[in-house]
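*Asks:* I'd like to ask some things about the structure below.
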Amino acid sequence: MNFGGDPILAAAFWTGIAALLLTLLLGLEILRLRISLRARQRRETRTLARWRPILNAAIVGDTPHELPRLAASERLHFIKLWVHLQASLRGEAGAALNDIAGRLGLHLEARAMLGRRARTERLLAALMLGHLGDRQAWPQLLRLAGMDDPTLSLTALWALVRIDPQAAAEYLTPLFIEREDWAMSHVAGILQQAGTPVVAVLAGMLPRLRAERLPRALRIAEALRVELPAESLRAALASGDVAVVTAALRIVNTPLLQDAVRARLGDEDWQVRVQAAKALGRIGDRSDVDRLVALLADREWWVRYRAAQALVDLPWLKRPDLAALHARLEDRYAADMLAQVLAEQDAATANAEMETA
Amino acid sequence: MSAQPTVLVVEDDVHIAHVLTFMLERQGYQVTHVADGRAASAHVIGSPAPDLVLLDVMLPYVDGFEIVGLIRAQDSWKDTPVIMLTAKNTERDTVRALDAGANDFIIKPFQPQELLARLRRFLKTAA
Amino acid sequence: MNSHHLLLDFVTWFVLCYFILLNGGYLLLNLLSLRTLHRKGQEEMLDDLPRAYSGLEPPVSILVPAYNEEASIAASVRSMLQLTYSEYELVVVNDGSKDGTLDVLKREFGLLPFPEAYRRQIPTKDIKAIYRSTKFPNLRVIDKFNGGKADSLNAGINASRYPLFCGVDADSILQRDSLERVTQPFLRDPTMVATGGTIRIANGCEVAGGFLTRVGLPRNPWALFQVVEYLRAFLFGRLGWSAVNGMLIISGAFGVFRKDAVVSVGGYRSNTIGEDMELIVRLHRLLRERRQPYRIEFVPDPVCWTEAPEDLATLKNQRIRWQRGLAESLNANWGLFFSRNGGVPGWLAFPFMLLFEWLGPLVEVGGYLFMIVSFLTGAISWQAFSTFMFVAIGLGVLLSASGLLLEEMSFHIYPRGKQLLALGVVVLLENLGYRQLNTWWRLIGLFRWATQKEASWGAMKRKGSLGA
């Protein structure tokens, strides 16, 4: 190709050639990926066919005396099946699966896998060690738990809780309070597994916490349905920090704190008023009916909504009482909201009746 | 004519399905396995009733509660014992299971021996 | 004569450079998406494990705007009621349908009117009534006067109860775990403001009861081209932008948003054609102006499937509409362009869109025409012309192939070898006419936008595959 000495065209031409070659390379890579995918799927099918009967037999209590050797190529597929079964079963079946893993030397293998760089291997290893209750893996798992990668660290934390709930609770609770970026749903799921030790740790930490950590700690307490002593909540309810007050209002559950809650009904921040209305619905007495009715005319939709719900849920207000209340309301927004909540309650009872019918 | 008790297993998780089938066949039951809600509906409408139904709640396409309703609506299946497998965190589901017409429920993760014991109770009374 | 040559040389050089930059830019985006995909692939192992809900996942309000959807709305809503998620509500907005959409809903779901205290956070057309389903307590239907999709979504936002909302098209086909997957980023990062799901082509797939039962390739050539086009341009390109927080588009077919963020920027804009893109660009602009930390991400898993147009006329109208939407979205948010705190969206993504998507059709069509005319009139040599075609088409094929490679690396949803082969052939053919045709349509869209002509939406001939 003679470009008449034009360098631009020459450059363009070689770009085109490069594109062509790269395309061919990509095509070959696609083929390679597909072939290796097929191979992986075949290996998995073979591994399952070979090991499933053995694991199933163990699950029903009939562990075979002789176990075949686990080939290196089968290892990951086997562990994946093993972890899946462990997550679906409990009791003697779980113990039998642990026994097999021990006999195959997989506890050693899993500890080694924790140190490798491949993420899949680390994740599976953490899960396996958690089910095995392998105490020796504790320091390694602790290291993983401190890493930035959220999936990896949360999986490691789950394993730590499985192995030793008490020790894990002492380590985890302050950690979860610190790490605000971890979603409550993950945190709560793990802490629920840790059980009662967490409650003790949390209650012990609360008085000494810095103000900015309080909301998070209170949220955790709410998620775990922990009953915190009234005195520690009283201080939180009187705080100037909106986040602290709302978090505390969410867990208030004792009539001892009625006055503290009533004091917040008129707060300027609507989120505080909403939570105060809800709290009063839980712990209020007959004198609070008027206070809640006053909130029905609040300028914020959510405050009106929760106040109406709180009123409807009060055990001593029966339907006729609520209807009479509704008729007496002068504010249009208040009347609308109460009508909606009453209709919602009707719909809910209708549904419940339908399901038991 | 040996009456081998027949069990219908409706479970979409392939590994658990294998475990259940293995367990039940080992006990001498004849197992039919169906992997999703649509196939289960078709089976309920088109096939004779088994001696027991083991039914998962979370199924693709049609969920377990609807299947129970379907079972109770079929004449030949009306009295078939139905045991439902429900997940741990949904307490509502266990109440719903019994309200929908199931005879018993088992919470996942489950103990295989406990499952077999509950099954045997219903199969003994059926025989 | 000399200046003539100079001009020709310059234009030739310019056109070549443009094509190389355009394809190079997209290749770079595909490269950027590699890391995210690699990580995704490693988590695949955990996907199959039995999932336990803590019950504390953020609840979501799913908003479904519906206009004249009587054929498929019942199946769609039923399938959305089966999503595996711990807590969510479904709000269907009947946008003044002229057909029996509302009647179908009333009948199938036992709707009864409900005295709801409607909350006007965003102004919309008037609401006629709000219904609640007696069969499914988390289903509500809003009946309102016609106002368009943006208006319907705003009405849905007004009525929604939960902090997150999910905008879905009435004909989107979801999977049971779609909602789980597309809300994952919100759990990972508390500053997340919006996430978008990948849209895949449902043509050729088996659909039953509103769910996808088996993946397949379409037979229709237009649909086939679109499969590869989506992989090339809409999938990994967006993932690349998402990796650097510069994503400017979330498809209206499936996306999740933080409600208070959307309300704080004013909700959807109702007199726009591309309301989905316009909202995202506006979110970038205003949140950056306020210096509020935020993230907008893309979830690459195949979570949403939609039926692509299979005939020329509908496809053409769709592409014209998309280009107009793009132009309007960019035009309404000039404030983002090279703005002080613009970051990646203001300094990279917006200019990229401007240069290669908005202005692109003009330069591309112009370039092709220039080359062809110049060659035919002998102004440029055979070498120049053939080199140009070689580069333009060659780079295009490379880009399409990279899309296919990324798909194979990550989700490989087309399991059969024959399908992979068919896709390979389409990768080649796509660049020999389809892509150029697309550019021509986009040019028409640009022209129409510039002259503000009223375009008809073009009702797509529906095959009713959701009716099964």
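Going by the structure tokens order, chains are called A, B, ..., each with residues numbered from 1, while ligands are numbered from 1 in the order shown.
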Residues of chain B that approach chain A to 7 Å or less, counting only C-alpha atoms: could you list each one with the shortest pair of atoms and its distance in Å to one decimal, rows by chain and increasing residue number, as JSON lines?
*Replies:*
```
{"residue": "B:Val19", "atom": "CA", "partner": "A:Asn56", "partner_atom": "CA", "distance": 5.8}
{"residue": "B:Phe22", "atom": "CA", "partner": "A:Asn56", "partner_atom": "CA", "distance": 6.9}
{"residue": "B:Met23", "atom": "CA", "partner": "A:Val60", "partner_atom": "CA", "distance": 6.7}
{"residue": "B:Asp99", "atom": "CA", "partner": "A:Thr356", "partner_atom": "CA", "distance": 5.7}
{"residue": "B:Lys108", "atom": "CA", "partner": "A:Ser88", "partner_atom": "CA", "distance": 6.3}
{"residue": "B:Pro109", "atom": "CA", "partner": "A:Leu89", "partner_atom": "CA", "distance": 4.4}
{"residue": "B:Phe110", "atom": "CA", "partner": "A:Leu89", "partner_atom": "CA", "distance": 4.9}
{"residue": "B:Gln111", "atom": "CA", "partner": "A:Arg90", "partner_atom": "CA", "distance": 5.3}
{"residue": "B:Pro112", "atom": "CA", "partner": "A:Val60", "partner_atom": "CA", "distance": 6.6}
```
*Asks:* What would the file look like if the residues just selected were written as a compact mmCIF listing (two decimals), in the first residue's frame with N, CA and C atoms?
*Replies:*
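Result went into result-v8.txt, see below:
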```
# COMPACT_ATOMS: atom_id res chain seq x y z
N VAL B 19 -31.01 -34.42 48.79
CA VAL B 19 -30.96 -34.97 50.16
C VAL B 19 -32.30 -35.57 50.54
N PHE B 22 -33.01 -38.79 48.61
CA PHE B 22 -32.17 -39.86 49.14
C PHE B 22 -32.73 -40.40 50.46
N MET B 23 -33.01 -39.46 51.36
CA MET B 23 -33.51 -39.84 52.69
C MET B 23 -34.79 -40.66 52.59
N ASP B 99 -52.46 -21.94 58.58
CA ASP B 99 -53.75 -21.35 58.19
C ASP B 99 -54.14 -21.75 56.78
N LYS B 108 -36.43 -24.41 58.13
CA LYS B 108 -35.08 -24.59 57.59
C LYS B 108 -34.14 -23.66 58.33
N PRO B 109 -32.92 -24.05 58.64
CA PRO B 109 -32.26 -25.34 58.42
C PRO B 109 -32.89 -26.43 59.28
N PHE B 110 -33.03 -27.61 58.72
CA PHE B 110 -33.78 -28.65 59.41
C PHE B 110 -32.89 -29.83 59.82
N GLN B 111 -33.39 -30.61 60.74
CA GLN B 111 -32.71 -31.84 61.16
C GLN B 111 -33.33 -33.01 60.40
N PRO B 112 -32.56 -33.72 59.63
CA PRO B 112 -33.12 -34.81 58.82
C PRO B 112 -33.89 -35.84 59.64
```
*Asks:* Which neighbours of stretch 316-323 of chain A fall inside 12 Å, counting only C-alpha atoms, when residues of the same chain fewer than 5 positions from it are skipped, and could you give them as a list in words?
*Replies:*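 Listing them by chain and then by number gives Gly281, Gly284, Asp285, Arg286, Ser287, Asp288, Val289, Val293, Ala308, Gln309, Ala310, Leu311, Arg328, Leu329, Ala335, Leu338, Ala339, Val341, Leu342, Ala343, Gln345 and Asp346 of chain A.
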*Asks:* Residues within 12 Å of C:Arg238, please, as a ChimeraX atom specification. Count only C-alpha atoms; anything in the same chain fewer than 5 positions from it doesn't count.
*Replies:* /C:26-34,36,195-199,230-233,243-251,296-300,349,353,403
*Asks:* Using only C-alpha atoms, what does the table of chain C residues within 6 Å of chain A look like, with each row giving the shortest atom pair and its distance in Å to one decimal, sorted by chain and ascending number, as JSON lines?
*Replies:*
```
{"residue": "C:Gln42", "atom": "CA", "partner": "A:Thr120", "partner_atom": "CA", "distance": 5.1}
{"residue": "C:Leu49", "atom": "CA", "partner": "A:His84", "partner_atom": "CA", "distance": 5.5}
{"residue": "C:Ser54", "atom": "CA", "partner": "A:Gly189", "partner_atom": "CA", "distance": 5.1}
{"residue": "C:Leu56", "atom": "CA", "partner": "A:Ser185", "partner_atom": "CA", "distance": 4.6}
{"residue": "C:Glu57", "atom": "CA", "partner": "A:Ser185", "partner_atom": "CA", "distance": 5.4}
{"residue": "C:Pro115", "atom": "CA", "partner": "A:Gln340", "partner_atom": "CA", "distance": 5.3}
{"residue": "C:Glu116", "atom": "CA", "partner": "A:Gln340", "partner_atom": "CA", "distance": 5.1}
{"residue": "C:Ala117", "atom": "CA", "partner": "A:Met337", "partner_atom": "CA", "distance": 5.7}
{"residue": "C:Leu187", "atom": "CA", "partner": "A:Ala183", "partner_atom": "CA", "distance": 5.0}
{"residue": "C:Thr387", "atom": "CA", "partner": "A:Phe13", "partner_atom": "CA", "distance": 5.6}
{"residue": "C:Val391", "atom": "CA", "partner": "A:Gly16", "partner_atom": "CA", "distance": 4.5}
{"residue": "C:Gly394", "atom": "CA", "partner": "A:Gly16", "partner_atom": "CA", "distance": 5.8}
{"residue": "C:Leu395", "atom": "CA", "partner": "A:Ala19", "partner_atom": "CA", "distance": 5.7}
{"residue": "C:Leu398", "atom": "CA", "partner": "A:Thr23", "partner_atom": "CA", "distance": 5.0}
{"residue": "C:Leu405", "atom": "CA", "partner": "A:Ile30", "partner_atom": "CA", "distance": 5.5}
```
*Asks:* From stretch 103-312 of chain A, collect each residue whose DSSP state is helix (DSSP H, G or I) and return the set as JSON, numbers by chain.
*Replies:* {"A": [103, 106, 107, 108, 109, 110, 111, 112, 113, 114, 115, 119, 120, 121, 122, 123, 124, 125, 126, 127, 128, 129, 130, 131, 132, 135, 136, 137, 138, 139, 140, 141, 142, 143, 144, 145, 150, 151, 152, 153, 154, 155, 156, 157, 158, 159, 160, 161, 162, 163, 165, 166, 167, 168, 169, 170, 171, 172, 173, 174, 175, 176, 177, 178, 184, 185, 186, 187, 188, 189, 190, 191, 192, 193, 194, 196, 197, 198, 199, 200, 201, 202, 203, 204, 205, 206, 207, 208, 211, 212, 213, 214, 215, 216, 217, 218, 219, 220, 221, 222, 223, 230, 231, 232, 233, 234, 235, 236, 237, 242, 243, 244, 245, 246, 247, 248, 249, 250, 251, 255, 256, 257, 258, 259, 260, 261, 262, 263, 270, 271, 272, 273, 274, 275, 276, 277, 278, 279, 280, 281, 282, 283, 288, 289, 290, 291, 292, 293, 294, 295, 301, 302, 303, 304, 305, 306, 307, 308, 309, 310, 311, 312]}
*Asks:* If you run DSSP over the backbone, which residues in stretch 54-88 of chain B end up strand (DSSP E or B)? Put them as a ChimeraX atom specification.
*Replies:* /B:54-56,82-87
*Asks:* For the residues selected in the previous step, produce a file with N, CA and C atoms as a CSV table (one decimal), in the first residue's frame.
*Replies:*
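The resulting file, again34.csv, is shown below:
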```
chain,number,residue,atom,x,y,z
B,54,LEU,N,-44.4,-33.0,50.6
B,54,LEU,CA,-43.4,-32.2,51.3
B,54,LEU,C,-43.2,-31.0,50.4
B,55,LEU,N,-43.5,-29.8,50.9
B,55,LEU,CA,-43.6,-28.6,50.1
B,55,LEU,C,-42.8,-27.4,50.6
B,56,ASP,N,-41.9,-26.9,49.7
B,56,ASP,CA,-41.2,-25.7,50.1
B,56,ASP,C,-42.0,-24.4,49.9
B,82,VAL,N,-50.0,-32.5,54.2
B,82,VAL,CA,-49.0,-31.6,53.6
B,82,VAL,C,-48.1,-31.0,54.6
B,83,ILE,N,-46.8,-31.2,54.4
B,83,ILE,CA,-45.8,-30.7,55.4
B,83,ILE,C,-45.0,-29.6,54.6
B,84,MET,N,-45.0,-28.4,55.2
B,84,MET,CA,-44.3,-27.3,54.5
B,84,MET,C,-42.9,-27.0,55.1
B,85,LEU,N,-42.0,-26.7,54.3
B,85,LEU,CA,-40.6,-26.3,54.7
B,85,LEU,C,-40.6,-24.8,54.7
B,86,THR,N,-40.4,-24.2,55.8
B,86,THR,CA,-40.4,-22.7,55.8
B,86,THR,C,-39.0,-22.2,56.3
B,87,ALA,N,-38.7,-21.0,56.0
B,87,ALA,CA,-37.4,-20.4,56.3
B,87,ALA,C,-37.4,-19.8,57.8
```
*Asks:* Which one is closest to chain B: C:Asp169, C:Glu43, C:Glu87, C:Asp276? Count only C-alpha atoms.
*Replies:*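 Closest to chain B, using only C-alpha atoms: C:Glu87.
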*Asks:* Select, from B:Asp12, B:Glu25, B:Asp63, B:Asp36, the residue with the minimum atom-to-atom distance to chain C, counting only C-alpha atoms.
*Replies:*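 Between B:Asp12, B:Glu25, B:Asp63, B:Asp36, the residue approaching chain C most closely is B:Asp63.
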*Asks:* For B:Glu66, find every residue with an atom within 9 Å (counting only C-alpha atoms), except residues of its own chain fewer than 5 positions away, and show them as a count of residues only.
*Replies:* 4
